[in-house]
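Participant: This is the content of model-v3.tsv (TSV, C-alpha atoms):
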chain	number	residue	atom	x	y	z
X	1	MET	CA	26.65	-30.13	7.47
X	2	ILE	CA	25.33	-30.84	10.96
X	3	SER	CA	27.04	-32.01	14.11
X	4	VAL	CA	25.82	-34.99	16.11
X	5	ASN	CA	27.79	-34.96	19.36
X	6	GLU	CA	31.41	-35.05	18.17
X	7	ASN	CA	30.55	-36.35	14.67
X	8	LYS	CA	30.00	-34.31	11.51
X	9	LEU	CA	27.22	-35.44	9.23
X	10	GLU	CA	26.36	-34.30	5.68
X	11	TRP	CA	23.02	-32.48	5.74
X	12	LYS	CA	20.34	-33.27	3.17
X	13	ASN	CA	16.82	-32.03	2.69
X	14	GLY	CA	14.35	-34.03	4.80
X	15	LEU	CA	16.95	-35.38	7.22
X	16	SER	CA	15.04	-36.64	10.27
X	17	VAL	CA	16.28	-37.26	13.79
X	18	ARG	CA	15.85	-40.99	13.12
X	19	ASP	CA	18.06	-40.71	10.00
X	20	ALA	CA	20.77	-38.94	11.99
X	21	LEU	CA	20.67	-41.52	14.81
X	22	ASN	CA	20.89	-44.35	12.27
X	23	ALA	CA	23.71	-42.68	10.34
X	24	CYS	CA	25.74	-42.31	13.55
X	25	LYS	CA	24.84	-45.88	14.58
X	26	TYR	CA	23.21	-44.73	17.82
X	27	SER	CA	21.04	-47.74	18.53
X	28	PHE	CA	20.94	-47.48	22.34
X	29	PRO	CA	17.26	-46.82	23.16
X	30	LEU	CA	17.73	-44.71	26.29
X	31	VAL	CA	18.79	-41.40	24.88
X	32	ILE	CA	17.66	-37.80	25.01
X	33	VAL	CA	17.88	-35.93	21.72
X	34	ARG	CA	18.15	-32.17	21.49
X	35	VAL	CA	18.39	-30.21	18.26
X	36	ASN	CA	19.85	-26.71	18.74
X	37	GLY	CA	18.97	-27.07	22.42
X	38	GLU	CA	15.34	-28.03	21.80
X	39	HIS	CA	14.06	-31.33	23.18
X	40	VAL	CA	12.81	-33.78	20.55
X	41	SER	CA	10.20	-36.23	21.78
X	42	LYS	CA	10.73	-39.91	20.91
X	43	ALA	CA	7.41	-39.89	19.08
X	44	ASP	CA	8.80	-37.23	16.74
X	45	TYR	CA	12.09	-38.88	15.71
X	46	ASP	CA	10.69	-39.79	12.27
X	47	ASN	CA	9.05	-36.49	11.45
X	48	TYR	CA	11.31	-33.93	13.17
X	49	LEU	CA	13.44	-32.54	10.35
X	50	ILE	CA	16.89	-31.30	11.25
X	51	PRO	CA	17.84	-27.94	9.71
X	52	ASP	CA	21.22	-27.44	8.07
X	53	ASN	CA	24.07	-26.42	10.40
X	54	ALA	CA	22.17	-27.82	13.37
X	55	GLU	CA	23.87	-28.95	16.53
X	56	VAL	CA	22.36	-32.29	17.58
X	57	SER	CA	23.06	-33.63	21.06
X	58	VAL	CA	22.43	-37.28	21.78
X	59	ILE	CA	22.67	-37.88	25.50
X	60	HIS	CA	23.02	-41.49	26.61
X	61	LEU	CA	21.37	-42.17	29.95
X	62	MET	CA	23.21	-44.43	32.36
X	63	SER	CA	21.53	-46.32	35.17
X	64	GLY	CA	22.59	-45.69	38.75
X	65	GLY	CA	21.30	-43.52	41.54
F	1	MET	CA	17.78	-29.94	76.01
F	2	ASP	CA	19.93	-26.89	76.70
F	3	LYS	CA	17.69	-23.90	77.55
F	4	ASN	CA	19.41	-21.66	74.99
F	5	ILE	CA	18.85	-24.19	72.19
F	6	GLU	CA	15.24	-24.65	73.26
F	7	ASN	CA	14.65	-20.89	73.08
F	8	LEU	CA	16.41	-20.68	69.75
F	9	ILE	CA	14.16	-23.32	68.22
F	10	LYS	CA	11.05	-21.67	69.67
F	11	ASN	CA	11.91	-18.58	67.73
F	12	GLN	CA	11.93	-19.53	64.05
F	13	SER	CA	13.42	-16.32	62.72
F	14	GLU	CA	16.27	-16.36	65.26
F	15	PHE	CA	16.93	-20.00	64.41
F	16	GLU	CA	17.02	-19.26	60.69
F	17	LYS	CA	19.31	-16.31	61.19
F	18	GLU	CA	21.80	-18.52	63.02
F	19	PHE	CA	21.32	-21.57	60.76
F	20	TYR	CA	22.06	-19.72	57.52
F	21	LYS	CA	24.60	-17.28	58.90
F	22	ARG	CA	27.41	-18.88	56.88
F	23	ASN	CA	25.43	-19.05	53.60
F	24	PRO	CA	26.39	-16.73	50.76
F	25	PRO	CA	24.70	-13.36	51.47
F	26	GLY	CA	21.05	-13.24	50.39
F	27	ALA	CA	20.95	-16.90	49.30
F	28	PHE	CA	18.64	-18.14	52.03
F	29	GLU	CA	15.96	-15.50	51.44
F	30	LYS	CA	15.83	-16.36	47.73
F	31	LEU	CA	15.92	-20.15	48.20
F	32	LYS	CA	13.21	-20.04	50.87
F	33	ALA	CA	10.79	-18.54	48.36
F	34	ARG	CA	11.30	-21.25	45.72
F	35	SER	CA	10.03	-24.83	45.32
F	36	VAL	CA	12.05	-27.82	44.24
F	37	GLY	CA	10.93	-31.23	43.00
F	38	ILE	CA	12.99	-34.39	43.51
F	39	ALA	CA	12.01	-37.48	41.50
F	40	GLY	CA	13.31	-40.40	43.53
F	41	ALA	CA	14.55	-40.67	47.13
F	42	GLY	CA	17.42	-43.13	46.75
F	43	GLY	CA	21.16	-42.49	46.46
F	44	LEU	CA	20.79	-39.31	44.44
F	45	GLY	CA	17.50	-38.05	45.87
F	46	SER	CA	18.27	-38.45	49.57
F	47	ASN	CA	21.67	-36.77	49.21
F	48	ILE	CA	20.19	-33.98	47.06
F	49	ALA	CA	17.47	-33.32	49.64
F	50	VAL	CA	19.92	-33.06	52.53
F	51	ALA	CA	22.13	-30.65	50.57
F	52	LEU	CA	19.17	-28.49	49.55
F	53	VAL	CA	17.70	-28.27	53.04
F	54	ARG	CA	21.08	-27.35	54.51
F	55	SER	CA	21.32	-24.66	51.82
F	56	GLY	CA	17.99	-23.07	52.69
F	57	VAL	CA	15.43	-24.67	50.36
F	58	TYR	CA	12.15	-24.73	52.30
F	59	ASN	CA	9.62	-26.15	49.86
F	60	LEU	CA	10.20	-29.64	48.54
F	61	TYR	CA	8.15	-32.12	46.52
F	62	ILE	CA	9.64	-35.59	46.80
F	63	ALA	CA	8.25	-38.76	45.17
F	64	ASP	CA	9.33	-42.38	45.59
F	65	PHE	CA	7.31	-45.58	46.03
F	66	ASP	CA	10.10	-47.70	47.48
F	67	ARG	CA	10.93	-48.88	50.99
F	68	ILE	CA	14.41	-48.84	52.56
F	69	GLU	CA	16.50	-52.02	52.32
F	70	ALA	CA	19.84	-52.78	53.93
F	71	SER	CA	21.48	-52.59	50.49
F	72	ASN	CA	20.51	-48.90	50.29
F	73	LEU	CA	22.52	-47.89	53.33
F	74	ASN	CA	25.89	-47.88	51.52
F	75	ARG	CA	24.99	-44.62	49.77
F	76	GLN	CA	21.57	-43.36	50.81
F	77	GLN	CA	20.87	-40.96	53.70
F	78	TYR	CA	19.02	-43.47	55.89
F	79	ASN	CA	19.84	-45.36	59.05
F	80	TYR	CA	19.72	-48.93	60.29
F	81	GLU	CA	16.51	-48.43	62.26
F	82	GLN	CA	14.74	-47.01	59.20
F	83	ILE	CA	14.97	-50.26	57.20
F	84	GLY	CA	11.48	-51.20	56.01
F	85	MET	CA	10.13	-47.63	56.10
F	86	TYR	CA	8.98	-45.85	52.98
F	87	LYS	CA	11.93	-43.80	51.77
F	88	VAL	CA	9.91	-40.61	51.56
F	89	ASP	CA	8.70	-40.98	55.16
F	90	ALA	CA	12.21	-41.65	56.45
F	91	LEU	CA	13.64	-38.78	54.39
F	92	ARG	CA	10.97	-36.42	55.67
F	93	GLU	CA	11.83	-37.47	59.22
F	94	ASN	CA	15.56	-36.95	58.64
F	95	LEU	CA	15.13	-33.58	56.92
F	96	LEU	CA	12.88	-32.27	59.69
F	97	LYS	CA	15.62	-33.17	62.17
F	98	ILE	CA	17.90	-30.80	60.24
F	99	ASN	CA	15.33	-28.00	60.05
F	100	PRO	CA	11.88	-28.50	61.61
F	101	PHE	CA	10.35	-25.50	59.82
F	102	ILE	CA	10.56	-26.68	56.19
F	103	ASN	CA	7.61	-27.79	54.04
F	104	ILE	CA	8.06	-31.26	52.61
F	105	ASN	CA	5.38	-32.73	50.37
F	106	VAL	CA	5.95	-36.44	49.91
F	107	PHE	CA	4.30	-38.78	47.41
F	108	LYS	CA	4.41	-42.58	47.77
F	109	VAL	CA	3.80	-43.28	44.11
F	110	LYS	CA	5.60	-44.69	41.13
F	111	LEU	CA	6.15	-41.73	38.84
F	112	SER	CA	4.65	-42.04	35.38
F	113	PRO	CA	3.53	-39.74	32.55
F	114	GLU	CA	0.09	-39.73	34.22
F	115	ASN	CA	1.18	-38.13	37.52
F	116	ILE	CA	4.39	-36.12	36.92
F	117	SER	CA	2.61	-32.89	36.05
F	118	GLN	CA	0.29	-33.16	39.06
F	119	ILE	CA	3.12	-33.86	41.51
F	120	PHE	CA	5.81	-31.50	40.23
F	121	GLY	CA	3.75	-28.88	38.40
F	122	ASN	CA	4.33	-26.29	41.15
F	123	ALA	CA	8.08	-26.88	41.39
F	124	ASP	CA	10.37	-24.17	39.99
F	125	ILE	CA	12.94	-26.80	39.05
F	126	LEU	CA	13.00	-30.61	38.93
F	127	LEU	CA	15.90	-32.84	39.93
F	128	GLU	CA	15.93	-36.35	38.51
F	129	ALA	CA	17.13	-38.93	41.01
F	130	PHE	CA	16.17	-42.33	39.65
F	131	ASP	CA	18.29	-45.45	39.57
F	132	ARG	CA	16.95	-46.91	36.33
F	133	ALA	CA	17.91	-45.36	32.98
F	134	ASP	CA	14.49	-46.05	31.45
F	135	MET	CA	12.86	-44.02	34.24
F	136	LYS	CA	15.34	-41.19	33.65
F	137	ALA	CA	14.39	-41.19	29.95
F	138	MET	CA	10.68	-41.25	30.78
F	139	LEU	CA	11.00	-38.29	33.14
F	140	ALA	CA	12.91	-36.16	30.61
F	141	GLU	CA	10.38	-36.99	27.92
F	142	GLU	CA	7.46	-36.02	30.14
F	143	TRP	CA	9.02	-32.95	31.76
F	144	PHE	CA	9.81	-31.32	28.42
F	145	ARG	CA	6.33	-32.19	27.16
F	146	ILE	CA	4.92	-30.28	30.16
F	147	THR	CA	7.32	-27.32	30.06
F	148	ASN	CA	10.15	-25.84	28.05
F	149	LYS	CA	10.68	-23.07	30.58
F	150	LYS	CA	11.75	-24.93	33.69
F	151	TYR	CA	15.04	-26.73	34.22
F	152	LEU	CA	15.47	-30.47	34.62
F	153	VAL	CA	18.72	-31.42	36.37
F	154	MET	CA	19.65	-35.05	35.85
F	155	GLY	CA	22.29	-37.49	37.11
F	156	SER	CA	23.81	-39.88	34.60
F	157	GLY	CA	27.06	-41.82	34.98
F	158	LEU	CA	27.98	-42.18	38.65
F	159	ALA	CA	28.74	-45.87	39.08
F	160	GLY	CA	32.06	-47.31	40.23
F	161	THR	CA	34.82	-45.74	42.31
F	162	GLY	CA	37.32	-42.94	41.91
F	163	SER	CA	37.59	-40.91	38.69
F	164	SER	CA	36.17	-37.83	40.39
F	165	ASP	CA	37.68	-35.72	37.61
F	166	ALA	CA	35.52	-37.52	35.01
F	167	LEU	CA	32.37	-36.12	36.64
F	168	LYS	CA	31.15	-33.04	34.81
F	169	ILE	CA	28.14	-30.83	34.18
F	170	GLU	CA	26.77	-30.44	30.65
F	171	ILE	CA	24.05	-27.88	29.90
F	172	TYR	CA	21.71	-28.25	26.93
F	173	ASP	CA	19.36	-25.29	27.21
F	174	LYS	CA	16.94	-26.27	30.03
F	175	LEU	CA	18.47	-29.72	30.49
F	176	VAL	CA	21.45	-30.15	32.80
F	177	ILE	CA	23.28	-33.47	33.07
F	178	CYS	CA	25.62	-34.20	35.98
F	179	GLY	CA	27.90	-37.24	35.96
F	180	ASP	CA	30.43	-38.86	33.66
F	181	GLN	CA	27.71	-39.90	31.16
F	182	GLN	CA	29.53	-43.22	30.75
F	183	THR	CA	29.55	-45.52	33.76
F	184	GLN	CA	26.55	-47.82	33.98
F	185	ALA	CA	25.42	-49.27	37.32
F	186	CYS	CA	26.07	-52.98	36.85
F	187	GLU	CA	27.49	-55.71	39.06
F	188	ALA	CA	31.05	-55.02	37.90
F	189	ASN	CA	30.84	-51.30	38.65
F	190	GLY	CA	28.57	-51.11	41.68
F	191	LEU	CA	27.54	-47.88	43.38
F	192	ILE	CA	29.37	-46.38	46.34
F	193	ALA	CA	28.64	-43.48	48.70
F	194	PRO	CA	31.12	-40.78	47.69
F	195	ARG	CA	30.72	-40.98	43.92
F	196	VAL	CA	26.91	-41.02	44.15
F	197	ALA	CA	27.00	-38.18	46.69
F	198	ILE	CA	29.35	-36.11	44.51
F	199	VAL	CA	26.89	-36.28	41.60
F	200	ALA	CA	23.92	-35.61	43.93
F	201	ASN	CA	25.73	-32.57	45.27
F	202	MET	CA	26.61	-31.42	41.74
F	203	GLN	CA	22.89	-31.58	40.96
F	204	ALA	CA	22.05	-29.69	44.16
F	205	ASN	CA	24.78	-27.12	43.54
F	206	VAL	CA	23.79	-26.35	39.95
F	207	SER	CA	20.14	-26.12	41.03
F	208	ILE	CA	20.98	-23.59	43.73
F	209	GLU	CA	22.88	-21.57	41.15
F	210	LEU	CA	19.84	-21.68	38.86
F	211	LEU	CA	17.42	-20.80	41.65
F	212	LEU	CA	19.60	-17.86	42.65
F	213	GLY	CA	19.53	-16.67	39.05
F	214	GLY	CA	23.08	-17.56	38.13
F	215	PHE	CA	22.26	-18.65	34.58
With the file now loaded, output its structure as structure tokens.

Facilitator:
Amino acid sequence: MISVNENKLEWKNGLSVRDALNACKYSFPLVIVRVNGEHVSKADYDNYLIPDNAEVSVIHLMSGG
Amino acid sequence: MDKNIENLIKNQSEFEKEFYKRNPPGAFEKLKARSVGIAGAGGLGSNIAVALVRSGVYNLYIADFDRIEASNLNRQQYNYEQIGMYKVDALRENLLKINPFININVFKVKLSPENISQIFGNADILLEAFDRADMKAMLAEEWFRITNKKYLVMGSGLAGTGSSDALKIEIYDKLVICGDQQTQACEANGLIAPRVAIVANMQANVSIELLLGGF
């Protein structure tokens, strides 16, 4: 089991960041993803594999400044 | 100018002693030795810069390619007569009026993956102060490609009025996000001085804590 923000998601072998974003229906493109505190580059969403029990943070960026 | 003030300014160390007399003990000496980058000199960036200089930060790297428009004056630290100036030039001018002894390095460029490392590579910490969310995302992507040791302090979710208690600070290892993480700057929400300045000051405050070794 992993956590993605406030959601719990069943872990499976080979679960990528992209899989987790899709499973949680996070389609907004302007996000920052961190797995156990580590930054995951957008280019790595398909091949970065999430370990079991990971804490995934998906931070939505809002315009304004 | 009053003779006493003139003498005070002539003597930098006397001036500093007086200026930072009300700071927390030892804060000024530590902050003076560090360097801070600010990406953007708009609502967040101009307010951040003022707060940092008043706190004792002496070395700043500030980048923004934009010029001041009348629509900036509702929340940005510029004045009527500065309309049309490059924001970084006007900010430099305003900050030097607060403390003439600081070092401000300004860059009139649009920040991109090609120049971020060159501009902010010497900064001990970077504060994100863009308006556009895609630029915020680009900066985070690039900063953490360059380093996983230095903090990035971002502002996200500061549009609209009121709801001061919704503004918070979330820390994800070396990434700090200040704001409500929800309100988007759109026509219905707008952006107004106090809410933008609160988030800018949250960013400045957490950065000072980090620079002083509070984390």

Participant: For CA of Phe19 (chain F) and CA of Val53 (chain F), quote the distance in Å rounded to one decimal.

Facilitator: 10.8 Å

Participant: To one decimal place, how far is CA of Lys87 (chain F) from CA of Glu18 (chain F) in Å?

Facilitator: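 So the answer is 29.4 Å.
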
Participant: Record the distance separating CA of Glu209 (chain F) and CA of Ser41 (chain X), expressed in Å with one decimal.

Facilitator: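 Computed distance, CA of Glu209 (chain F) to CA of Ser41 (chain X), equals 27.4 Å.
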
Participant: Write out as a PyMOL selection string which residues come within 7 Å of Asn5 (chain X) when counting only C-alpha atoms, dropping same-chain ones fewer than 4 positions away.

Facilitator: chain X and resi 56-58

Participant: Which residues of chain X are close to chain F, meaning at most 8 Å apart when you count all atoms listed in the file, and how do they look as a ChimeraX atom specification?

Facilitator: /X:30-32,34,37-39,41-42,59-65

Participant: When distances are computed from all atoms listed in the file, which of X:Pro29, X:Glu55, X:Ile50, X:Val35 shows the smallest separation from Lys12 (chain X)?

Facilitator: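 Looking only at the distances to Lys12 (chain X), the closest residue turns out to be X:Ile50.
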
Participant: Which residues, written as a ChimeraX atom specification, have at least one atom at most 10 Å from Glu10 (chain X), with only C-alpha atoms counted and residues fewer than 2 positions away on the same chain left out?

Facilitator: /X:1-3,8,12,15,20,23,52-53

Participant: Next, the residues of the selection above should be written as a PDB file, in the frame of the given file with C-alpha atoms.

Facilitator:
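Produced file selection_33.pdb, reproduced below:
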ATOM      1  CA  MET X   1      26.650 -30.130   7.470  1.00  0.00           C
ATOM      2  CA  ILE X   2      25.330 -30.840  10.960  1.00  0.00           C
ATOM      3  CA  SER X   3      27.040 -32.010  14.110  1.00  0.00           C
ATOM      4  CA  LYS X   8      30.000 -34.310  11.510  1.00  0.00           C
ATOM      5  CA  LYS X  12      20.340 -33.270   3.170  1.00  0.00           C
ATOM      6  CA  LEU X  15      16.950 -35.380   7.220  1.00  0.00           C
ATOM      7  CA  ALA X  20      20.770 -38.940  11.990  1.00  0.00           C
ATOM      8  CA  ALA X  23      23.710 -42.680  10.340  1.00  0.00           C
ATOM      9  CA  ASP X  52      21.220 -27.440   8.070  1.00  0.00           C
ATOM     10  CA  ASN X  53      24.070 -26.420  10.400  1.00  0.00           C
TER      11      ASN X  53
END

Participant: Using all atoms listed in the file, which protein or nucleic acid residues come within 10 Å of Asp66 (chain F)? Drop anything in the same chain fewer than 2 positions from it, and give the result as a PDB file with C-alpha atoms, keeping the file's coordinate frame.

Facilitator:
ATOM      1  CA  GLY F  40      13.310 -40.400  43.530  1.00  0.00           C
ATOM      2  CA  ALA F  41      14.550 -40.670  47.130  1.00  0.00           C
ATOM      3  CA  GLY F  42      17.420 -43.130  46.750  1.00  0.00           C
ATOM      4  CA  ALA F  63       8.250 -38.760  45.170  1.00  0.00           C
ATOM      5  CA  ASP F  64       9.330 -42.380  45.590  1.00  0.00           C
ATOM      6  CA  ILE F  68      14.410 -48.840  52.560  1.00  0.00           C
ATOM      7  CA  GLU F  69      16.500 -52.020  52.320  1.00  0.00           C
ATOM      8  CA  GLY F  84      11.480 -51.200  56.010  1.00  0.00           C
ATOM      9  CA  MET F  85      10.130 -47.630  56.100  1.00  0.00           C
ATOM     10  CA  TYR F  86       8.980 -45.850  52.980  1.00  0.00           C
ATOM     11  CA  LYS F  87      11.930 -43.800  51.770  1.00  0.00           C
ATOM     12  CA  VAL F  88       9.910 -40.610  51.560  1.00  0.00           C
ATOM     13  CA  LYS F 108       4.410 -42.580  47.770  1.00  0.00           C
ATOM     14  CA  VAL F 109       3.800 -43.280  44.110  1.00  0.00           C
ATOM     15  CA  LYS F 110       5.600 -44.690  41.130  1.00  0.00           C
TER      16      LYS F 110
END

Participant: Scan for residues within 9 Å of the point (13.6, -35.4, 13.3) in the coordinates of the file, using only C-alpha atoms, and reply as a PDB file with C-alpha atoms, in the frame of the given file.

Facilitator:
ATOM      1  CA  GLY X  14      14.350 -34.030   4.800  1.00  0.00           C
ATOM      2  CA  LEU X  15      16.950 -35.380   7.220  1.00  0.00           C
ATOM      3  CA  SER X  16      15.040 -36.640  10.270  1.00  0.00           C
ATOM      4  CA  VAL X  17      16.280 -37.260  13.790  1.00  0.00           C
ATOM      5  CA  ARG X  18      15.850 -40.990  13.120  1.00  0.00           C
ATOM      6  CA  ASP X  19      18.060 -40.710  10.000  1.00  0.00           C
ATOM      7  CA  ALA X  20      20.770 -38.940  11.990  1.00  0.00           C
ATOM      8  CA  VAL X  35      18.390 -30.210  18.260  1.00  0.00           C
ATOM      9  CA  VAL X  40      12.810 -33.780  20.550  1.00  0.00           C
ATOM     10  CA  ASP X  44       8.800 -37.230  16.740  1.00  0.00           C
ATOM     11  CA  TYR X  45      12.090 -38.880  15.710  1.00  0.00           C
ATOM     12  CA  ASP X  46      10.690 -39.790  12.270  1.00  0.00           C
ATOM     13  CA  ASN X  47       9.050 -36.490  11.450  1.00  0.00           C
ATOM     14  CA  TYR X  48      11.310 -33.930  13.170  1.00  0.00           C
ATOM     15  CA  LEU X  49      13.440 -32.540  10.350  1.00  0.00           C
ATOM     16  CA  ILE X  50      16.890 -31.300  11.250  1.00  0.00           C
TER      17      ILE X  50
END

Participant: At a cut-off of 7 Å, using only C-alpha atoms, what residues contact region 111-122 of chain F? Leave out same-chain residues fewer than 6 positions from it and give the result as a short mmCIF file (atom, residue, chain, number, x, y, z; two decimals) with C-alpha atoms, in the coordinates of the input.

Facilitator:
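Output below, filename part10.cif:
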data_model
loop_
_atom_site.label_atom_id
_atom_site.label_comp_id
_atom_site.auth_asym_id
_atom_site.auth_seq_id
_atom_site.Cartn_x
_atom_site.Cartn_y
_atom_site.Cartn_z
CA GLY F 37 10.93 -31.23 43.00
CA TYR F 61 8.15 -32.12 46.52
CA GLU F 142 7.46 -36.02 30.14
CA ILE F 146 4.92 -30.28 30.16
#

Participant: Using all atoms listed in the file, which residues sit within 10 Å of Val206 (chain F) once same-chain residues fewer than 5 positions away are excluded, as a PDB file with C-alpha atoms, keeping the file's coordinate frame?

Facilitator:
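Listing of selection.pdb after writing:
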ATOM      1  CA  VAL F 153      18.720 -31.420  36.370  1.00  0.00           C
ATOM      2  CA  ILE F 169      28.140 -30.830  34.180  1.00  0.00           C
ATOM      3  CA  VAL F 176      21.450 -30.150  32.800  1.00  0.00           C
ATOM      4  CA  ILE F 177      23.280 -33.470  33.070  1.00  0.00           C
ATOM      5  CA  CYS F 178      25.620 -34.200  35.980  1.00  0.00           C
ATOM      6  CA  ASN F 201      25.730 -32.570  45.270  1.00  0.00           C
ATOM      7  CA  LEU F 211      17.420 -20.800  41.650  1.00  0.00           C
ATOM      8  CA  LEU F 212      19.600 -17.860  42.650  1.00  0.00           C
ATOM      9  CA  GLY F 214      23.080 -17.560  38.130  1.00  0.00           C
ATOM     10  CA  PHE F 215      22.260 -18.650  34.580  1.00  0.00           C
TER      11      PHE F 215
END

Participant: Tell me which of F:Leu73, F:Leu139, F:Ile102, F:Ala166 sits closest to Asn47 (chain F), counting all atoms listed in the file.

Facilitator: F:Leu73

Participant: Which residues, protein or nucleic acid, reach to within 12 Å of (22.9, -19.2, 56.4) in the file's coordinates when using only C-alpha atoms, and can you give that as a list in words?

Facilitator: Ser13, Glu14, Phe15, Glu16, Lys17, Glu18, Phe19, Tyr20, Lys21, Arg22, Asn23, Pro24, Pro25, Gly26, Ala27, Phe28, Glu29, Lys30, Leu31, Lys32, Val53, Arg54, Ser55, Gly56 and Val57 of chain F
